[in-house]
Amino acid sequence: MHFLSDALEKYVTEHTEKEPELLKELDRETNLKVLRPRMLSGHFQGRVLSILSKLTSPKTILEIGTYTGYSAICLAEGLKKDGLLHTIDINEELQDFQKKYFEKSGYSNQIKQYTGDALDIIPILETNFDLVFIDADKPNYSAYFDLIIGKMNSGGLILSDNVLWSGKVVEPLDDKDKNTEALLDYNKKLKEDPRVETVLLPIRDGLTMSRVI
């Protein structure tokens with residue numbers, strides 16, 4: 001679902017920082033070779049992630065949901081020189097695709113890839129985080145939050161993607177729609193949790209910014 005008209009979306013993109021050529025290439029190859037290319041962050045949201053990372057200047061980033069690596073590269077642009085980005089994806093078939101573009105980006109030494117269930121991997125990561133990006137299976141958003149909140153540095157930023165879910169969050173709920181139900185619960189959870197202050201932005205499919213107090 002597009003929340004802006006095509007004309008406004010075009011205007012917004014044209015007045016946003018240019019998409020790096022490497023990411024254009026990654027986008028093209030994702031659309032040609034990978035299922036569900038709509039999952040890619042894309043130009044506008046990618047530049048949002050990049051500038052938020054640069055404003056935060058994180059030393060440690062956690063990304064839950066790598067897909068083909070587009071958002072990881074955007075987030076890595078703001079890393080401190082000695083910083084590290086941990087990125088987790090359950091699909092082992094994408095690992096080589098991700099690695100190829102991480103190496104092309106020049107950030108490969110600052111990106112650590114994990115393949116498997118994030119619910120199992122997050123607890124064994126012995127580090128705290130300045131920035132987290134959640135963009136994986138929706139029913140586990142709340143579980144991911146519960147696992148990472150104790151690992152967040154004070155003032156850290158948690159970004160959650162797809163929280164408007166094509167507008168379904170304001171439509172009558174289908175009892176069989178577990179994704180929308182999970183996002184409704186998650187959005188409520190973020191709003192009410194005293195450990196974070198949250199703003200939900202209508203960027204693309206909805207992006208929540210939650211600052212850890």
# chains A, B, ... in the order shown; residues from 1 in each chain; ligands from 1
call {"tool": "residues_around", "arguments": {"residues": "segment 177-194 of chain A", "least_positions_apart": "6", "cutoff": "6 Å", "atoms": "only C-alpha atoms", "output": "list of chain:residue names"}}
result
A:Lys138, A:Pro139, A:Ser142
call {"tool": "residues_around", "arguments": {"residues": "Gly155 of chain A", "least_positions_apart": "3", "cutoff": "10 Å", "atoms": "only C-alpha atoms", "output": "number ranges by chain"}}
result
A: 56, 130-131, 152, 158, 196, 210-213
call {"tool": "write_last_selection", "arguments": {"atoms": "N, CA and C atoms", "output": "tab-separated table (two decimals), in the first residue's frame"}}
result
chain	number	residue	atom	x	y	z
A	56	THR	N	23.38	8.86	14.83
A	56	THR	CA	23.61	8.09	16.06
A	56	THR	C	25.09	7.78	16.25
A	130	ASP	N	24.01	0.07	20.24
A	130	ASP	CA	23.62	1.48	20.14
A	130	ASP	C	22.45	1.66	19.18
A	131	LEU	N	22.33	0.73	18.23
A	131	LEU	CA	21.30	0.82	17.20
A	131	LEU	C	20.86	-0.58	16.82
A	152	MET	N	20.53	-2.98	25.20
A	152	MET	CA	20.64	-1.65	24.61
A	152	MET	C	21.40	-0.70	25.52
A	158	ILE	N	16.09	1.87	18.67
A	158	ILE	CA	15.51	0.66	18.09
A	158	ILE	C	14.60	1.07	16.94
A	196	VAL	N	11.26	3.06	26.83
A	196	VAL	CA	11.53	3.68	25.54
A	196	VAL	C	10.56	4.83	25.29
A	210	SER	N	12.32	4.05	18.42
A	210	SER	CA	12.16	3.94	19.86
A	210	SER	C	13.51	4.22	20.52
A	211	ARG	N	13.57	5.30	21.25
A	211	ARG	CA	14.83	5.68	21.95
A	211	ARG	C	14.80	5.10	23.35
A	212	VAL	N	15.89	4.41	23.69
A	212	VAL	CA	16.00	3.79	25.00
A	212	VAL	C	16.36	4.85	26.03
A	213	ILE	N	15.56	4.93	27.06
A	213	ILE	CA	15.76	5.95	28.10
A	213	ILE	C	16.86	5.52	29.06
call {"tool": "select_by_dssp", "arguments": {"residues": "segment 45-171 of chain A", "states": "helix (DSSP H, G or I)", "output": "number ranges by chain"}}
result
A: 45-56, 70-76, 92-105, 108-110, 118-124, 138-151, 165-170
call {"tool": "closest_residue", "arguments": {"among": "A:Leu94, A:Leu201, A:Leu147, A:Ile61", "to": "Gly78 of chain A", "atoms": "only C-alpha atoms"}}
result
A:Ile61
call {"tool": "atom_distance", "arguments": {"atom1": "atom CA of Asp27 of chain A", "atom2": "atom CA of Thr68 of chain A"}}
result
8.8 Å
call {"tool": "closest_residue", "arguments": {"among": "A:Val169, A:Leu52, A:Leu4, A:Ile90", "to": "Ile203 of chain A", "atoms": "only C-alpha atoms"}}
result
A:Leu4
call {"tool": "closest_atom_pairs", "arguments": {"of": "segment 149-200 of chain A", "to": "segment 62-67 of chain A", "cutoff": "12 Å", "atoms": "only C-alpha atoms", "output": "JSON lines"}}
result
{"residue": "A:Ile149", "atom": "CA", "partner": "A:Leu62", "partner_atom": "CA", "distance": 11.8}
{"residue": "A:Lys151", "atom": "CA", "partner": "A:Leu62", "partner_atom": "CA", "distance": 10.3}
{"residue": "A:Met152", "atom": "CA", "partner": "A:Leu62", "partner_atom": "CA", "distance": 10.0}
{"residue": "A:Gly156", "atom": "CA", "partner": "A:Leu62", "partner_atom": "CA", "distance": 11.3}
{"residue": "A:Leu157", "atom": "CA", "partner": "A:Leu62", "partner_atom": "CA", "distance": 10.5}
{"residue": "A:Ile158", "atom": "CA", "partner": "A:Leu62", "partner_atom": "CA", "distance": 9.4}
{"residue": "A:Leu159", "atom": "CA", "partner": "A:Glu63", "partner_atom": "CA", "distance": 9.4}
{"residue": "A:Ser160", "atom": "CA", "partner": "A:Ile64", "partner_atom": "CA", "distance": 9.7}
{"residue": "A:Asp161", "atom": "CA", "partner": "A:Gly65", "partner_atom": "CA", "distance": 10.3}
call {"tool": "atom_distance", "arguments": {"atom1": "atom CA of Ser50 of chain A", "atom2": "atom CA of Tyr114 of chain A"}}
result
21.4 Å
call {"tool": "residues_around", "arguments": {"residues": "Glu17 of chain A", "least_positions_apart": "2", "cutoff": "9 Å", "atoms": "only C-alpha atoms", "output": "tab-separated table (two decimals) with N, CA and C atoms, in the first residue's frame"}}
result
chain	number	residue	atom	x	y	z
A	13	THR	N	11.54	11.32	-3.37
A	13	THR	CA	12.76	10.63	-3.75
A	13	THR	C	13.73	11.56	-4.46
A	14	GLU	N	13.20	12.41	-5.33
A	14	GLU	CA	14.05	13.33	-6.08
A	14	GLU	C	14.70	14.37	-5.18
A	15	HIS	N	14.12	14.63	-4.03
A	15	HIS	CA	14.67	15.62	-3.11
A	15	HIS	C	15.31	14.96	-1.88
A	19	GLU	N	20.81	7.70	-4.35
A	19	GLU	CA	21.09	6.31	-4.01
A	19	GLU	C	22.48	5.95	-4.54
A	20	PRO	N	23.35	5.42	-3.68
A	20	PRO	CA	24.69	5.01	-4.14
A	20	PRO	C	24.59	3.98	-5.26
A	43	HIS	N	15.64	2.88	-2.10
A	43	HIS	CA	16.32	4.18	-2.09
A	43	HIS	C	15.92	5.06	-0.91
A	44	PHE	N	14.65	5.41	-0.81
A	44	PHE	CA	14.25	6.40	0.19
A	44	PHE	C	14.46	5.88	1.61
A	47	ARG	N	18.11	5.64	2.55
A	47	ARG	CA	18.75	6.90	2.94
A	47	ARG	C	18.30	7.35	4.33
call {"tool": "select_by_dssp", "arguments": {"residues": "segment 25-79 of chain A", "states": "strand (DSSP E or B)", "output": "PyMOL selection string"}}
result
chain A and resi 60-64
call {"tool": "write_last_selection", "arguments": {"atoms": "N, CA and C atoms", "output": "PDB file, in the first residue's frame"}}
result
ATOM      1  N   THR A  60      28.048  -0.222  17.862  1.00  0.00           N
ATOM      2  CA  THR A  60      27.509  -1.567  17.674  1.00  0.00           C
ATOM      3  C   THR A  60      26.083  -1.487  17.135  1.00  0.00           C
ATOM      4  N   ILE A  61      25.830  -2.237  16.073  1.00  0.00           N
ATOM      5  CA  ILE A  61      24.505  -2.297  15.458  1.00  0.00           C
ATOM      6  C   ILE A  61      24.073  -3.758  15.392  1.00  0.00           C
ATOM      7  N   LEU A  62      22.791  -3.988  15.624  1.00  0.00           N
ATOM      8  CA  LEU A  62      22.211  -5.303  15.399  1.00  0.00           C
ATOM      9  C   LEU A  62      21.089  -5.161  14.387  1.00  0.00           C
ATOM     10  N   GLU A  63      21.143  -5.981  13.347  1.00  0.00           N
ATOM     11  CA  GLU A  63      20.069  -6.029  12.357  1.00  0.00           C
ATOM     12  C   GLU A  63      19.438  -7.415  12.402  1.00  0.00           C
ATOM     13  N   ILE A  64      18.123  -7.456  12.582  1.00  0.00           N
ATOM     14  CA  ILE A  64      17.394  -8.719  12.597  1.00  0.00           C
ATOM     15  C   ILE A  64      16.615  -8.799  11.284  1.00  0.00           C
TER      16      ILE A  64
END
call {"tool": "residues_around", "arguments": {"residues": "Leu35 of chain A", "least_positions_apart": "2", "cutoff": "12 Å", "atoms": "only C-alpha atoms", "output": "ChimeraX atom specification"}}
result
/A:29-33,37-40,67-68,91,93-94
